[in-house]
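Trainee: Attaching a single structure in structure tokens format; questions to follow.
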Amino acid sequence: MNSIIQAENLGRWYGEVVGLGDLTVEIEPGITGLVGPNGAGKSTFMKLMVGELRPARGQLAVLGEVPFGNRGLHRQLGFCPQQDALYEHQTGRQFVRDLLRLGGWSRREADALAVRAMERVGLEDAMDRRVNGYSKGMRQRTRLAQAIAHGPRLVIADEPLTGLDPIARRQTLELFRGLAEDGCSVIISSHVLHEVESLTETMVLIHRGRLLAQGSVREVRRLISRHPSRVELVARDPRLLATALLPLEHVRTIKLGTDPGTLTVETDDIAAFHSTFAGVAAAAGAGVSGFKSDDASLEAVFDYLVG
Amino acid sequence: MNLFTALPRATWLIFRMHLATTATSRRALAGILFAAVAPLFAFLAVKVGGGGDMGERVFMFLGVLVLLQVVAPALGVFLGIGAIADETEARTITYPFTRPIPRASVFLGRWLASLLVLTVLLLSSGAAVGMITMGAADPPAVEAVQALVGATLVAGVLYSLGAAVIGIIFKRGQVIALGYAFAFEVMLANIPGSAQKLSLQFYLRSLFVGGDSANWSSLDIFQRTEFLEPAASAERLLVTAVLLLAVGCFTVTRKQFVLSS
């Protein structure tokens, strides 16, 4: 299968700040989730993909072509940017229609396509209102409408679910699935793992401008599960608690903290630790007063993965 | 669609998309007030200030010192600077730049929309000054009024184009463009000697006063200056405009606009 995105040693800096470090990745057709914490380089990567920026180093091909200033490629791309910016004086329909006209469509064709796109994003009732009166979610969907209206081969959407209410979120996820069924490839970015997980099996994890992992959600989860989880504890007698926990099979290391009464436990099986901890701690009588597991956020997972 | 057919089409579409917004923008509304300054001064000078018997002198003074040297550059900078800078500031530039159009069309279309608004304002302002002073004793010649209006419109083209290019290149373009128009230009244009030829004002004044400087000599606060013939001046201004257009198109095509999310 031909890759739709091929990036090799891709880098982009903003002055002293690294937007993207050294990214090498290939993305296949279909729906792909681009996941990473805030500041990971997702938006920079997307701006490079749509030709808004040029790489400072490395190579990038989108649908086999160099994206910057490539009019032929832009005909096949739809981009939904993250920034909440629209032409405020226009209605949603005018906004989508005028952008379509820039793609070469006649006024009548553009208007018909704009109406269809606004319907697909669920804004048919509001499309003749000015966008400056739209809610945040409606504005997000309008940005999405202009990205899909011309029937692109590839839609690139930067945090498209941000600001959407649960119903609009479900509709948007359905829309992406529909696009994929129609043969359109979709790359969406998110810093929330479960958002992407509900949409696609394929994800690309980036962190600090580098590829961290790539594959199905299951594969990546397996990769994540091979790394220890960390639990921070506070106890009246941390040494006593450490002595009680150390014999547990799934406990890998225990470190006493610098703050009085604190200790950090690394475990290979966080679920087993959760189920056995309470009993062990009670039997030891170490006076546990704090328990914090930092494996809940994606950012923590990334921190584990990058060491 | 090749570049030569795509560019005019996309320029026209961008022009149409932005004309109404430009005409009703705060910049244009402020421009209306500014454009009213010269006619207001003309009215005060002729009707209130005792200048009713020296229409030509009032006309020349306002034409050179207010319209050409202040109003046209100010309006040119205010309206021209926004061509690309406003899109960047509003973070909407992503949309046209991810469409299959030449990037230069965004610059050209938006600048032309600004230029149309600017032309209406300057034309009104220049014509009003002419009409008010022509109603006084010792009025200016019709040809002089036409020359003033023409020179003012050319000034609008040049200053707005220069400002639009500066707006592409620099983030704080307005400050730089205003600094150029009101510090650099004014100084160069008004100091004696050939340094005047480094300013746009010299060529604009050449268009206005003509090669024989007869009109200019009526302003006895100035030294006598050897101006160019209007045709020679127009030629140099045209070359400047073409160069600015080329720089603007090239820069907007190559430049990366980094927008905050």
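Quick note on naming: the chains in the structure tokens go A, B, ... in the order shown, residues restart at 1 in each chain, and ligands are numbered from 1 in order of appearance.
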At a cut-off of 6 Å, list the chain A residues touching chain B, using only C-alpha atoms, as an MDAnalysis selection string.

Mentor: chainID A and resid 53 71 74:75 83 85 103

Trainee: Give me a file of those residues, with N, CA and C atoms, as a CSV table (one decimal), in the first residue's frame.

Mentor:
chain,number,residue,atom,x,y,z
A,53,LEU,N,3.9,25.7,6.2
A,53,LEU,CA,5.3,25.9,6.6
A,53,LEU,C,6.2,25.0,5.7
A,71,ARG,N,0.1,23.9,-5.7
A,71,ARG,CA,-1.4,24.1,-5.9
A,71,ARG,C,-2.1,22.8,-6.3
A,74,HIS,N,-2.8,21.0,-3.2
A,74,HIS,CA,-3.9,21.6,-2.4
A,74,HIS,C,-5.3,21.3,-2.9
A,75,ARG,N,-5.4,21.0,-4.2
A,75,ARG,CA,-6.7,20.6,-4.7
A,75,ARG,C,-7.1,19.3,-4.1
A,83,GLN,N,-6.7,26.9,14.9
A,83,GLN,CA,-7.0,28.3,15.4
A,83,GLN,C,-8.5,28.6,15.0
A,85,ALA,N,-10.4,30.8,13.8
A,85,ALA,CA,-10.4,32.0,12.9
A,85,ALA,C,-11.3,31.7,11.7
A,103,GLY,N,-11.0,27.2,-5.4
A,103,GLY,CA,-10.6,26.0,-5.9
A,103,GLY,C,-11.0,25.8,-7.4

Trainee: Which residues are close to A:Ala272, i.e. within 9 Å by only C-alpha atoms, leaving aside same-chain residues fewer than 5 positions away? Reply as an MDAnalysis selection string.

Mentor: chainID A and resid 250 267 277

Trainee: Skip B:Pro73 itself and residues of its chain fewer than 5 positions away, then list as a PyMOL selection string all residues within 9 Å of it, counting only C-alpha atoms.

Mentor: chain B and resi 67-68+78+155-156+158-160+178+181-182

Trainee: Write out the residues from the selection above, keeping C-alpha atoms, as a short mmCIF file (atom, residue, chain, number, x, y, z; two decimals), in the first residue's frame.

Mentor:
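This went into out03.cif:
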data_model
loop_
_atom_site.label_atom_id
_atom_site.label_comp_id
_atom_site.auth_asym_id
_atom_site.auth_seq_id
_atom_site.Cartn_x
_atom_site.Cartn_y
_atom_site.Cartn_z
CA LEU B 67 -2.82 66.05 0.52
CA LEU B 68 0.40 64.83 -1.04
CA PHE B 78 -3.34 52.57 6.90
CA ALA B 155 0.70 58.66 -4.23
CA GLY B 156 -2.06 56.39 -2.92
CA LEU B 158 2.72 53.89 -4.23
CA TYR B 159 2.32 54.31 -0.49
CA SER B 160 -0.33 51.60 -0.17
CA LEU B 178 4.57 55.21 9.04
CA ALA B 181 6.34 57.95 5.19
CA PHE B 182 6.47 60.58 7.91
#

Trainee: Please return as number ranges by chain: the residues of stretch 75-271 of chain A that backbone DSSP assigns to alpha helix (DSSP H).

Mentor: A: 92-102, 107-120, 136-148, 166-181, 193-197, 217-225, 238-245, 270-271

Trainee: Quick check, in Å to one decimal: how far apart do atom CA of A:Leu63 and atom CA of A:Lys47 lie?

Mentor: 15.1 Å

Trainee: Select, from B:Ser105, B:Asn190, B:Gln69, B:Ser199, the residue with the minimum atom-to-atom distance to B:Arg236, counting only C-alpha atoms.

Mentor: B:Ser199

Trainee: So which residues touch A:Gly151 within 9 Å, counting only C-alpha atoms, skipping near sequence neighbours fewer than 4 positions away, as an NGL selection string?

Mentor: :A and (76-78 or 147 or 179 or 184)
